[in-house]
Every structure is written in structure tokens, then in C-alpha cells.
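Text of coords33.csv (CSV, C-alpha atoms) as supplied:
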chain,number,residue,atom,x,y,z
A,145,MET,CA,-0.3,-15.9,2.0
A,146,THR,CA,-3.6,-14.0,1.5
A,147,TYR,CA,-1.7,-10.7,1.1
A,148,ALA,CA,0.6,-12.3,-1.5
A,149,SER,CA,-2.4,-13.9,-3.3
A,150,ASP,CA,-4.2,-10.5,-3.3
A,151,VAL,CA,-1.1,-8.9,-4.9
A,152,VAL,CA,-0.8,-11.6,-7.5
A,153,ALA,CA,-4.5,-11.3,-8.4
A,154,LEU,CA,-4.4,-7.5,-8.7
A,155,ALA,CA,-1.1,-7.5,-10.6
A,156,ARG,CA,-2.3,-10.2,-13.0
A,157,LYS,CA,-5.4,-8.1,-13.6
A,158,ASP,CA,-3.2,-5.1,-14.5
A,159,LEU,CA,-1.0,-7.1,-16.9
A,160,LEU,CA,-4.1,-8.7,-18.5
A,161,LEU,CA,-5.6,-5.2,-19.0
A,162,GLU,CA,-2.4,-4.0,-20.7
A,163,LEU,CA,-2.1,-7.1,-22.8
A,164,ARG,CA,-5.6,-6.4,-24.2
A,165,SER,CA,-5.8,-2.6,-24.4
A,166,ARG,CA,-2.1,-2.0,-25.2
A,167,ASP,CA,-2.5,1.6,-23.9
A,168,THR,CA,0.7,2.0,-22.0
A,169,VAL,CA,3.7,-0.1,-23.1
A,170,PRO,CA,3.6,0.8,-26.8
A,171,ALA,CA,3.5,4.5,-26.0
A,172,MET,CA,6.4,4.1,-23.6
A,173,LEU,CA,8.5,2.2,-26.2
A,174,LEU,CA,7.8,4.7,-28.9
A,175,PHE,CA,8.5,7.6,-26.7
A,176,VAL,CA,11.9,6.3,-25.3
A,177,VAL,CA,13.2,5.3,-28.8
A,178,ALA,CA,12.0,8.6,-30.3
A,179,ALA,CA,13.7,10.5,-27.5
A,180,LEU,CA,17.0,8.7,-27.9
A,181,VAL,CA,16.9,9.3,-31.7
A,182,VAL,CA,16.3,13.0,-31.1
A,183,PHE,CA,19.1,13.2,-28.6
A,184,ARG,CA,21.4,11.4,-31.0
A,185,PHE,CA,21.0,14.2,-33.5
A,186,ALA,CA,20.7,17.0,-30.9
A,187,LEU,CA,24.0,16.1,-29.2
A,188,PRO,CA,27.1,17.6,-30.9
A,189,SER,CA,29.4,15.0,-32.5
A,190,ASP,CA,32.2,16.0,-30.2
A,191,ALA,CA,30.1,15.8,-27.0
A,192,SER,CA,31.4,13.5,-24.3
A,193,ASP,CA,29.9,10.2,-23.2
A,194,LEU,CA,29.1,11.9,-19.9
A,195,ALA,CA,26.5,14.1,-21.6
A,196,ALA,CA,24.9,11.1,-23.3
A,197,GLN,CA,24.6,9.4,-19.9
A,198,GLY,CA,22.6,12.3,-18.6
A,199,LEU,CA,20.3,12.2,-21.7
A,200,LEU,CA,19.6,8.5,-21.1
A,201,TRP,CA,18.4,9.2,-17.6
A,202,ILE,CA,16.2,12.1,-18.9
A,203,ALA,CA,14.6,9.7,-21.4
A,204,LEU,CA,14.0,7.0,-18.8
A,205,ILE,CA,12.5,9.4,-16.3
A,206,PHE,CA,10.1,10.9,-18.8
A,207,THR,CA,9.2,7.5,-20.2
A,208,ALA,CA,8.3,6.4,-16.6
A,209,LEU,CA,6.2,9.5,-16.2
A,210,LEU,CA,4.3,8.6,-19.4
A,211,GLY,CA,3.5,5.1,-18.0
A,212,LEU,CA,2.6,6.5,-14.6
A,213,THR,CA,0.0,8.9,-16.1
A,214,ARG,CA,-1.9,5.8,-17.2
A,215,ALA,CA,-1.3,3.6,-14.2
A,216,PHE,CA,-4.6,4.3,-12.6
A,217,ALA,CA,-6.5,5.2,-15.8
A,218,ALA,CA,-8.9,2.2,-15.6
A,219,GLU,CA,-9.6,2.7,-11.9
A,220,ARG,CA,-10.1,6.5,-12.4
A,221,GLU,CA,-12.3,6.5,-15.5
A,222,GLN,CA,-15.1,4.3,-14.0
A,223,ARG,CA,-14.3,4.8,-10.3
A,224,LEU,CA,-13.1,1.2,-10.1
A,225,ILE,CA,-10.9,2.2,-7.2
A,226,ASP,CA,-14.0,2.3,-5.1
A,227,GLY,CA,-14.5,-1.4,-5.8
A,228,LEU,CA,-11.0,-2.3,-4.8
A,229,VAL,CA,-11.0,-0.1,-1.7
A,230,LEU,CA,-14.2,-1.8,-0.5
A,231,ALA,CA,-12.7,-5.2,-0.7
A,232,PRO,CA,-11.4,-6.6,2.6
A,233,CYS,CA,-7.8,-7.0,1.4
A,234,ASP,CA,-5.0,-4.8,2.8
A,235,ARG,CA,-5.1,-1.6,0.7
A,236,SER,CA,-1.4,-1.6,0.4
A,237,ALA,CA,-1.8,-4.7,-1.8
A,238,ILE,CA,-3.3,-2.4,-4.4
A,239,TRP,CA,-0.2,-0.2,-4.4
A,240,LEU,CA,2.2,-3.2,-4.4
A,241,ALA,CA,0.4,-4.9,-7.3
A,242,LYS,CA,0.2,-1.6,-9.3
A,243,GLY,CA,3.9,-0.9,-8.5
A,244,LEU,CA,4.8,-4.4,-9.9
A,245,SER,CA,3.0,-3.8,-13.1
A,246,VAL,CA,4.6,-0.3,-13.5
A,247,LEU,CA,7.9,-2.0,-12.9
A,248,ALA,CA,7.2,-4.6,-15.6
A,249,PHE,CA,6.2,-1.9,-18.1
A,250,LEU,CA,9.4,0.0,-17.3
A,251,ALA,CA,11.5,-3.1,-17.7
A,252,LEU,CA,10.0,-3.7,-21.1
A,253,ALA,CA,10.7,-0.1,-22.2
A,254,GLU,CA,14.3,-0.3,-20.9
A,255,ALA,CA,14.8,-3.7,-22.7
A,256,ILE,CA,14.6,-1.6,-25.8
A,257,ALA,CA,16.0,1.7,-24.6
A,258,VAL,CA,19.3,0.5,-23.1
A,259,PRO,CA,20.4,-1.4,-26.2
A,260,ALA,CA,19.3,1.6,-28.3
A,261,TYR,CA,21.4,3.8,-26.1
A,262,ALA,CA,24.4,1.4,-26.6
A,263,LEU,CA,23.8,1.6,-30.4
A,264,PHE,CA,23.5,5.4,-30.6
A,265,PHE,CA,25.9,6.6,-27.9
A,266,ALA,CA,28.2,4.4,-25.8
A,267,PRO,CA,28.7,0.8,-24.5
A,268,VAL,CA,26.6,-0.1,-21.5
A,269,ASP,CA,28.4,-1.6,-18.4
A,270,GLY,CA,27.2,-3.5,-15.4
A,271,ALA,CA,27.1,-0.4,-13.2
A,272,LEU,CA,24.6,1.3,-15.5
A,273,ILE,CA,22.4,-1.8,-15.6
A,274,ALA,CA,22.4,-2.0,-11.8
A,275,ALA,CA,21.6,1.7,-11.5
A,276,VAL,CA,18.7,1.3,-13.9
A,277,VAL,CA,17.3,-1.6,-12.0
A,278,LEU,CA,17.5,0.2,-8.7
A,279,ALA,CA,16.1,3.4,-10.2
A,280,ASP,CA,13.2,1.4,-11.5
A,281,LEU,CA,12.3,0.2,-8.0
A,282,GLY,CA,12.3,3.7,-6.7
A,283,ILE,CA,10.4,5.1,-9.6
A,284,ALA,CA,7.7,2.4,-9.3
A,285,ALA,CA,7.4,2.8,-5.5
A,286,VAL,CA,7.1,6.6,-5.5
A,287,GLY,CA,5.4,6.9,-8.9
A,288,THR,CA,2.6,4.5,-8.1
A,289,LEU,CA,1.8,6.4,-4.9
A,290,LEU,CA,1.8,9.8,-6.6
A,291,SER,CA,-0.1,8.4,-9.6
A,292,ALA,CA,-2.9,7.3,-7.2
A,293,MET,CA,-2.9,10.8,-5.6
A,294,ALA,CA,-3.0,12.5,-8.9
A,295,ALA,CA,-5.8,10.2,-10.2
A,296,ALA,CA,-8.1,11.6,-7.6
A,297,SER,CA,-7.5,15.2,-8.8
A,298,ARG,CA,-9.0,17.0,-11.8
A,299,ALA,CA,-5.6,18.5,-12.6
A,300,ARG,CA,-3.9,15.1,-12.6
A,301,GLU,CA,-1.9,15.7,-15.8
A,302,LEU,CA,-0.3,18.7,-14.2
A,303,LEU,CA,-0.2,17.4,-10.7
A,304,LEU,CA,1.7,14.2,-11.4
A,305,PRO,CA,4.8,15.7,-13.0
A,306,LEU,CA,4.8,18.5,-10.4
A,307,LEU,CA,5.0,15.9,-7.6
A,308,PHE,CA,7.0,13.2,-9.4
A,309,LEU,CA,9.9,15.1,-11.0
A,310,PRO,CA,11.2,16.8,-7.8
A,311,LEU,CA,10.9,13.5,-5.9
A,312,VAL,CA,13.0,11.6,-8.5
A,313,ILE,CA,15.9,14.0,-8.6
A,314,PRO,CA,17.8,11.8,-6.1
A,315,ILE,CA,17.2,8.9,-8.5
A,316,VAL,CA,18.7,11.0,-11.3
A,317,VAL,CA,21.7,12.0,-9.2
A,318,GLY,CA,22.3,8.4,-8.1
A,319,GLY,CA,21.7,6.9,-11.5
A,320,VAL,CA,24.0,9.4,-13.3
A,321,GLY,CA,26.6,9.1,-10.6
A,322,ALA,CA,26.7,5.4,-10.8
A,323,SER,CA,26.9,5.5,-14.6
A,324,VAL,CA,29.9,7.9,-14.8
A,325,THR,CA,32.0,7.3,-11.8
A,326,GLU,CA,34.9,4.8,-11.4
A,327,ASP,CA,33.4,3.6,-8.1
A,328,PRO,CA,29.7,3.2,-8.5
A,329,GLY,CA,29.1,1.4,-5.2
A,330,ARG,CA,28.4,4.5,-3.2
A,331,TYR,CA,25.8,5.7,-5.7
A,332,LEU,CA,24.2,2.3,-6.0
A,333,ALA,CA,23.9,2.1,-2.2
A,334,PHE,CA,22.3,5.5,-2.2
A,335,LEU,CA,19.8,4.3,-4.8
A,336,ALA,CA,19.0,1.2,-2.7
A,337,LEU,CA,18.6,3.4,0.4
A,338,TYR,CA,16.2,5.7,-1.5
A,339,ASP,CA,14.2,2.6,-2.7
A,340,GLY,CA,13.9,1.2,0.8
A,341,ILE,CA,12.8,4.5,2.4
A,342,PHE,CA,10.3,5.5,-0.2
A,343,ALA,CA,8.9,2.0,-0.7
A,344,LEU,CA,8.3,1.9,3.0
A,345,LEU,CA,6.7,5.3,3.1
A,346,ALA,CA,4.5,4.6,0.0
A,347,TRP,CA,3.4,1.2,1.4
A,348,ALA,CA,2.4,2.8,4.8
A,349,THR,CA,0.6,5.8,3.4
A,350,PHE,CA,-1.2,4.4,0.4
A,351,GLU,CA,-4.4,3.6,2.4
A,352,TYR,CA,-4.7,7.4,3.2
A,353,VAL,CA,-4.4,8.3,-0.4
A,354,VAL,CA,-7.3,6.1,-1.6
A,355,THR,CA,-9.7,6.7,1.2
A,356,GLU,CA,-11.2,9.9,2.6
B,251,MET,CA,-26.6,-2.5,11.7
B,252,ILE,CA,-26.6,1.3,10.9
B,253,HIS,CA,-26.9,4.1,13.5
B,254,ALA,CA,-26.7,7.7,12.3
B,255,ARG,CA,-27.1,10.8,14.5
B,256,ALA,CA,-27.3,14.3,13.1
B,257,LEU,CA,-25.5,13.0,10.0
B,258,GLU,CA,-24.2,15.7,7.7
B,259,ARG,CA,-22.2,15.6,4.5
B,260,ARG,CA,-20.8,18.7,2.7
B,261,PHE,CA,-19.0,19.0,-0.6
B,262,GLY,CA,-17.2,22.3,-0.2
B,263,ASP,CA,-19.9,24.9,0.5
B,264,LYS,CA,-22.7,22.7,-0.6
B,265,ARG,CA,-24.5,20.7,2.2
B,266,VAL,CA,-25.9,17.6,0.7
B,267,LEU,CA,-27.2,15.9,3.8
B,268,ARG,CA,-28.2,17.6,7.0
B,269,GLY,CA,-29.2,16.4,10.5
B,270,LEU,CA,-30.1,12.8,9.5
B,271,ASP,CA,-31.1,10.4,12.3
B,272,LEU,CA,-31.5,6.8,11.3
B,273,ASP,CA,-31.3,3.3,12.8
B,274,LEU,CA,-31.4,0.2,10.7
B,275,GLY,CA,-31.7,-3.3,12.1
B,276,ASP,CA,-30.0,-6.5,10.8
B,277,ARG,CA,-32.9,-7.6,8.7
B,278,GLU,CA,-34.5,-4.4,7.8
B,279,THR,CA,-35.0,-2.8,4.4
B,280,LEU,CA,-34.7,0.9,3.9
B,281,LEU,CA,-36.0,2.6,0.7
B,282,VAL,CA,-34.3,5.9,0.1
B,283,THR,CA,-36.1,8.2,-2.3
B,284,GLY,CA,-35.8,11.9,-3.3
B,285,PRO,CA,-35.2,14.1,-6.3
B,286,ASN,CA,-31.8,14.4,-8.1
B,287,GLY,CA,-29.2,16.0,-5.9
B,288,SER,CA,-31.0,15.2,-2.6
B,289,GLY,CA,-28.1,13.0,-1.4
B,290,LYS,CA,-29.3,9.4,-2.0
B,291,SER,CA,-26.0,8.3,-3.6
B,292,THR,CA,-24.0,10.3,-1.0
B,293,LEU,CA,-25.9,8.5,1.8
B,294,LEU,CA,-25.1,5.1,0.4
B,295,GLY,CA,-21.5,6.1,-0.1
B,296,LEU,CA,-21.4,7.1,3.6
B,297,PHE,CA,-22.9,3.7,4.6
B,298,ALA,CA,-20.3,1.9,2.4
B,299,GLY,CA,-17.4,3.8,4.0
B,300,LEU,CA,-16.4,5.5,0.7
B,301,LEU,CA,-17.2,8.9,2.1
B,302,ALA,CA,-16.7,10.3,5.6
B,303,PRO,CA,-19.3,12.3,7.4
B,304,THR,CA,-18.5,16.0,7.8
B,305,GLY,CA,-20.8,16.3,10.8
B,306,GLY,CA,-22.7,14.0,13.2
B,307,THR,CA,-22.0,10.4,13.8
B,308,LEU,CA,-22.3,7.3,11.8
B,309,GLU,CA,-21.8,3.7,13.0
B,310,VAL,CA,-22.0,0.8,10.5
B,311,ALA,CA,-21.7,-2.3,12.6
B,312,VAL,CA,-20.3,-4.6,9.9
B,313,GLU,CA,-16.8,-5.0,8.6
B,314,ARG,CA,-16.2,-3.7,5.1
B,315,GLY,CA,-15.8,-7.1,3.6
B,316,ALA,CA,-19.5,-7.8,4.5
B,317,ILE,CA,-20.9,-4.9,2.6
B,318,GLY,CA,-22.2,-5.3,-0.9
B,319,TYR,CA,-22.3,-2.0,-2.8
B,320,LEU,CA,-23.9,-1.5,-6.1
B,321,ALA,CA,-22.9,2.0,-7.2
B,322,HIS,CA,-23.9,4.2,-10.2
B,323,GLU,CA,-20.9,2.8,-12.0
B,324,PRO,CA,-20.7,-1.0,-12.3
B,325,LEU,CA,-17.2,-1.2,-10.8
B,326,VAL,CA,-16.1,-3.9,-13.3
B,327,TYR,CA,-13.2,-3.7,-15.7
B,328,CYS,CA,-14.4,-3.3,-19.3
B,329,GLU,CA,-11.4,-5.1,-20.8
B,330,LEU,CA,-11.9,-8.2,-18.6
B,331,THR,CA,-14.6,-10.8,-19.2
B,332,ALA,CA,-17.5,-11.3,-16.8
B,333,LEU,CA,-15.8,-14.4,-15.4
B,334,GLU,CA,-12.4,-12.7,-14.9
B,335,ASN,CA,-14.1,-9.7,-13.2
B,336,LEU,CA,-16.0,-12.0,-10.7
B,337,ASP,CA,-12.9,-14.1,-10.2
B,338,LEU,CA,-10.9,-11.1,-9.3
B,339,TYR,CA,-13.5,-9.8,-6.8
B,340,GLY,CA,-14.0,-13.4,-5.5
B,341,ARG,CA,-10.3,-13.7,-4.7
B,342,LEU,CA,-10.2,-10.3,-3.0
B,343,TYR,CA,-13.3,-11.0,-0.9
B,344,ARG,CA,-12.0,-14.5,-0.2
B,345,VAL,CA,-15.2,-16.1,-1.3
B,346,PRO,CA,-15.3,-19.8,-0.4
B,347,GLU,CA,-16.0,-22.2,-3.3
B,348,ARG,CA,-15.5,-19.2,-5.6
B,349,ARG,CA,-16.0,-20.9,-8.9
B,350,GLU,CA,-19.3,-22.6,-7.9
B,351,ARG,CA,-20.6,-19.3,-6.4
B,352,ILE,CA,-19.6,-17.4,-9.6
B,353,GLY,CA,-21.2,-20.0,-11.8
B,354,MET,CA,-24.4,-19.9,-9.8
B,355,LEU,CA,-24.7,-16.1,-9.9
B,356,LEU,CA,-23.9,-15.9,-13.6
B,357,GLU,CA,-26.7,-18.5,-14.3
B,358,ARG,CA,-29.1,-16.8,-12.0
B,359,PHE,CA,-28.6,-13.4,-13.7
B,360,ASP,CA,-28.6,-15.0,-17.2
B,361,LEU,CA,-25.0,-14.2,-18.0
B,362,TRP,CA,-23.6,-17.7,-18.2
B,363,GLY,CA,-23.6,-17.7,-22.0
B,364,ALA,CA,-21.7,-14.4,-22.0
B,365,ARG,CA,-19.2,-15.4,-19.3
B,366,HIS,CA,-16.2,-15.3,-21.6
B,367,GLU,CA,-17.1,-12.1,-23.3
B,368,ARG,CA,-15.4,-8.8,-22.4
B,369,VAL,CA,-17.6,-6.4,-20.5
B,370,SER,CA,-16.9,-3.7,-23.2
B,371,ALA,CA,-19.1,-5.8,-25.5
B,372,PHE,CA,-22.0,-5.9,-23.0
B,373,SER,CA,-25.2,-3.9,-23.2
B,374,ARG,CA,-26.0,-1.5,-20.3
B,375,GLY,CA,-28.4,-4.0,-18.9
B,376,MET,CA,-26.0,-6.9,-19.0
B,377,THR,CA,-23.4,-4.7,-17.3
B,378,GLN,CA,-25.8,-3.9,-14.6
B,379,ARG,CA,-26.6,-7.5,-14.1
B,380,LEU,CA,-22.9,-8.3,-13.8
B,381,ALA,CA,-22.6,-5.4,-11.3
B,382,LEU,CA,-25.4,-7.1,-9.3
B,383,CYS,CA,-23.4,-10.4,-9.4
B,384,ARG,CA,-20.3,-8.6,-8.1
B,385,THR,CA,-22.4,-7.0,-5.3
B,386,LEU,CA,-23.9,-10.3,-4.1
B,387,LEU,CA,-20.8,-12.5,-4.8
B,388,HIS,CA,-19.6,-12.6,-1.2
B,389,GLU,CA,-23.0,-12.9,0.4
B,390,PRO,CA,-22.9,-9.5,2.1
B,391,ARG,CA,-24.7,-8.8,5.4
B,392,LEU,CA,-25.4,-5.3,4.4
B,393,VAL,CA,-26.5,-4.7,0.8
B,394,LEU,CA,-26.5,-1.1,-0.6
B,395,LEU,CA,-28.2,-0.8,-4.0
B,396,ASP,CA,-28.0,2.6,-5.7
B,397,GLU,CA,-30.6,2.8,-8.5
B,398,PRO,CA,-30.4,-0.9,-9.0
B,399,TYR,CA,-33.1,-0.9,-11.8
B,400,SER,CA,-31.0,1.5,-13.9
B,401,GLY,CA,-30.5,0.0,-17.4
B,402,LEU,CA,-32.4,-3.2,-16.7
B,403,ASP,CA,-35.0,-4.4,-19.2
B,404,ALA,CA,-38.4,-5.8,-18.0
B,405,ALA,CA,-37.0,-9.3,-17.5
B,406,GLY,CA,-34.0,-8.1,-15.6
B,407,ALA,CA,-36.1,-5.8,-13.4
B,408,THR,CA,-38.4,-8.7,-12.6
B,409,LEU,CA,-35.4,-10.8,-11.7
B,410,LEU,CA,-34.1,-8.1,-9.5
B,411,ASP,CA,-37.5,-7.8,-7.8
B,412,GLY,CA,-37.1,-11.4,-6.7
B,413,GLU,CA,-33.5,-10.9,-5.5
B,414,VAL,CA,-34.4,-7.8,-3.5
B,415,ALA,CA,-37.3,-9.6,-1.9
B,416,ALA,CA,-35.1,-12.6,-1.0
B,417,LEU,CA,-32.3,-10.4,0.3
B,418,SER,CA,-34.6,-8.3,2.5
B,419,ALA,CA,-35.8,-11.4,4.3
B,420,SER,CA,-32.3,-12.3,5.5
B,421,ARG,CA,-30.1,-9.2,5.7
B,422,ALA,CA,-30.0,-5.4,5.9
B,423,VAL,CA,-30.8,-3.8,2.6
B,424,VAL,CA,-30.7,-0.1,1.6
B,425,VAL,CA,-32.2,0.7,-1.8
B,426,SER,CA,-32.1,4.1,-3.4
B,427,THR,CA,-34.5,4.6,-6.3
B,428,HIS,CA,-36.4,7.1,-8.3
B,429,ASP,CA,-39.1,4.5,-8.8
B,430,PRO,CA,-40.3,3.5,-5.3
B,431,GLU,CA,-43.4,1.8,-6.7
B,432,ARG,CA,-41.2,-0.8,-8.0
B,433,ILE,CA,-40.6,-2.3,-4.6
B,434,ASP,CA,-44.0,-1.4,-3.1
B,435,GLY,CA,-44.6,-5.0,-2.2
B,436,LEU,CA,-41.7,-5.1,0.3
B,437,ASP,CA,-42.0,-4.5,3.9
B,438,ALA,CA,-39.6,-1.6,3.8
B,439,ARG,CA,-39.1,1.6,5.7
B,440,ARG,CA,-39.0,4.8,3.7
B,441,LEU,CA,-36.6,7.7,3.9
B,442,GLU,CA,-37.5,10.7,1.7
B,443,LEU,CA,-34.7,13.1,1.2
B,444,ALA,CA,-35.4,16.7,0.3
B,445,ALA,CA,-33.5,18.5,-2.4

Go ahead and express the file in the form of C-alpha cells.
Amino acid sequence: MTYASDVVALARKDLLLELRSRDTVPAMLLFVVAALVVFRFALPSDASDLAAQGLLWIALIFTALLGLTRAFAAEREQRLIDGLVLAPCDRSAIWLAKGLSVLAFLALAEAIAVPAYALFFAPVDGALIAAVVLADLGIAAVGTLLSAMAAASRARELLLPLLFLPLVIPIVVGGVGASVTEDPGRYLAFLALYDGIFALLAWATFEYVVTE
Amino acid sequence: MIHARALERRFGDKRVLRGLDLDLGDRETLLVTGPNGSGKSTLLGLFAGLLAPTGGTLEVAVERGAIGYLAHEPLVYCELTALENLDLYGRLYRVPERRERIGMLLERFDLWGARHERVSAFSRGMTQRLALCRTLLHEPRLVLLDEPYSGLDAAGATLLDGEVAALSASRAVVVSTHDPERIDGLDARRLELAA
């Protein structure tokens, strides 16, 4: 129970900070809508729906990256991570709470992005929704760990995309695959497997990222 | 409480601490002085467990939840109120009777009236007093105070004098300061670090 209450306290703090500062979610919303509008005009009128599916995933990945660059901003700017690391709670609770807040911000951005995609490009089916949900879990798990790693570096703006983009290629493959194929089950299972493996790895290694 | 032998800490090529031997008992107070760059903050960071030694040995015989660390930065969230910050840390440190303890500290450090204000609206002195509340919230057995008088006005400094005196009677305290005369009245050992 104490682990869960630590996670709740830390996640509540992150949501409260965002509610007051509005630093992350509005930027993500503006970015994803702007990207879809640009793609709408950039894509030739005779382009297939398959190309549009790919563009949706590009927009989602880069929107997530935008959110992740700010995930540890408060902790980085005033070294607040030291205060959290010194607390006697399990340090993985910091990762889990931050991951949950990243997930919430992503879900908010996608609540706008997916209907916008349906409006501009093609109807959205259940397989796409399921793929987006599973992709979000993986993005939050991996991205939160990498964001914490990058936050400790002076070259964080460069480091985070360099680490994050290669690691989410499987998510793009799984997401696009589930969106375009007749039988999305295989790709959804692949995404779920990715989520499980990387969530476990991130959970187990977070302590070493935030301590010397 | 603290045992250090030939303690060394480097940052890249720069050696900040070298060959430090130290023993500190459960109810001893250590005053760490020295010029800028002599390693005072580094030493407190090592004691807190935020830094690892690059040479020698360091044993701090207390679990991390029993350390109270006042750093250069206040380690409080600017967009949260004083009450929300202390409540967060109180939960993470599993402080018993959290609300009562927080209320008592806020009153003692004269922040009760500002408890619902965001820290971003606080003066430097108020933020430092809140940082002291955070440091003492869980009644730590080892108190590490890095330049605790920084930003405090005369009233705040006098208040802190009393707190440091009370703390040093009942637990291990390490204070780093540029102003050692401030706590001259205490029965404290001194450690002068060279630049």
C-alpha cells in the first residue's frame, strides 16, 4: 500500500504542477494539431490511406517527444530530483508516477489528435485505437526513463531524441502494422510484449539512472 | 554516525576533497568551514548519499529516510503551495500525524499565514524557512545544513540559531557555513577545508 500511495502522491503532484503551469499539454495539443494540418496539405490528394496512417504515427511520436522533454523540467531546474531521491520511498515509484502523468498528457493530446486525423484523412477503427493505447504505454515507460537520463545531461535536448527515437521504432512498426493490416492481432500482441519488456526494464533500472 | 577514512571526491580531473578522516557521533555537531570551492557542499552531498566517494571509505550509519538535508536549492516545487510541498514530503517520508507536524513547523517558522500561497510568490527568506521545514519534517537523526543562514533576515537567523542549538542537543548535525561566528555558542567540532 505504501508503494501505491507514494505513486499516487507523486503523480498527483505532477498533474497539479501541469494544471497550474500549463507548460506541457497545450504545447503538445498545438503541435499535434498543427502537424496533422501540415500533413493534410503536404499529402497529395491521390495518396492512399496507408500513407496517412504513417503520418499519424509520426505526429504522435514527435508529440510524445515534446512532452517528454519537459517531463523532468521541474526536477531538473531546481535539482528537486535530489529531494525525491533522498526520500525513503522506492525510487521506481518516481518513474511510475512520472510515467502515469506522461501517459495522461499523451492521452489528452490523442483525444484531440485521433478525431482530427479522422476528420482530415480517414475513419478510425478499433485496431487503431488499441494500437495507440498500447503504444502510449510503451512510450511512457521508455520515454520516462530516457527523459530522466537526459535530464542529468547538459546536452539533454539532443540526447533525448537520440535515445528515444531508435527505441520507439518497434512501436512505430507495431502501430502502423496494426493500423493497416487485416489481422491486427499479431501487431497488437507485439506492442503488448514491447510494453511488458520495456516497462520491466525501466522499472528495474530507474534507480541507477537517478543515483550515482 | 559518520565514519570517513581517506575520503576523496573528484569531478573529472578536479579533486575537491582529498584524504579526509572524520568520525562523528550520534549527538555531535560538526561545523564545516572553508572558502568557496573548498568542498563543503560536496562533503554534505557525500554524507547525504547524493554523491559517491571516488576514493577512501565513507560509512553513514543511518538509513536515508532518517537524514534531513538542507541543500543550496530549497528542493521545493515553486508551483505548489507551502502546505502542498510539505504534505508531499510528509507522505514520502511517512511522517506520523503528518498534518499536525506540518502545522507545528509552519507556525514555528512563521509561515502559517502563507501556507496556501505558492512558493513562487515567496521571498528568498520565506523559501529558505520552508526548506528548513522540509528538512526537519521527518525528525531526522542526521541533519545536514548547507549554508542554512543564506537568505534569512535577522529574525529568521535568530530563529534558526535556536533550532540548531536544540537539534545539536539531540542528534548529529553537520553545518557548513561561511559565517562560523554565527554558531560560536554551540559545542561544535570544527572542520576547516582548504581551497

12 Å contacts from chain B to chain A using only C-alpha atoms, as a ChimeraX atom specification: /B:295-304,312-331,334-345,368,370,381,384-385,387-388,390

Selection near A:Ala266, 12 Å with all atoms listed in the file, sequence-local residues under 6 positions removed, as number ranges by chain: A: 184, 191-197, 199-200, 258-260, 272, 323-324

Contacts of A:Phe308 within 7 Å, only C-alpha atoms, excl. fewer than 3 positions in-chain, as JSON, numbers by chain: {"A": [287, 290, 304, 305, 311, 312]}

Separation of atom CA of B:Leu333 from atom CA of B:Gly406, in Å and rounded to one decimal: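 About the pair atom CA of B:Leu333 and atom CA of B:Gly406: they are 19.3 Å apart.
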
Among listed residues B:Ala332, B:Leu402, B:Val424, B:Val266, nearest B:Leu281 (using only C-alpha atoms):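 Looking only at the distances to B:Leu281, the closest residue turns out to be B:Val424.
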
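Across B:Arg421, B:Arg349, B:Leu394, B:Gly401, the tightest approach to B:Arg374 is made by B:Gly401 when counting all atoms listed in the file.
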
Counting only C-alpha atoms, the residue of B:Ala419, B:Glu397, B:Phe359, B:Asp276 that sits nearest B:Ser291: B:Glu397

Neighbour list for stretch 249-256 of chain A as a list of chain:residue names, cut-off 9 Å, all atoms listed in the file, skip fewer than 6 positions in-chain: A:Leu159, A:Thr168, A:Val169, A:Pro170, A:Met172, A:Leu173, A:Leu174, A:Val176, A:Val177, A:Leu204, A:Thr207, A:Ala208, A:Gly211, A:Val276, A:Val277, A:Asp280, A:Ala284

Selection: 6 Å around stretch 432-440 of chain B, all atoms listed in the file, excl. self and same-chain fewer than 3 positions, as a list in words: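 After dropping sequence-adjacent residues, the list is Thr279, Leu280, Leu281 and Asp429 of chain B.
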
Point-to-point distance from atom CA of A:Gly198 to atom CA of A:Val320, Å rounded to tenths: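 One can read the atom CA of A:Gly198 to atom CA of A:Val320 distance as 6.2 Å.
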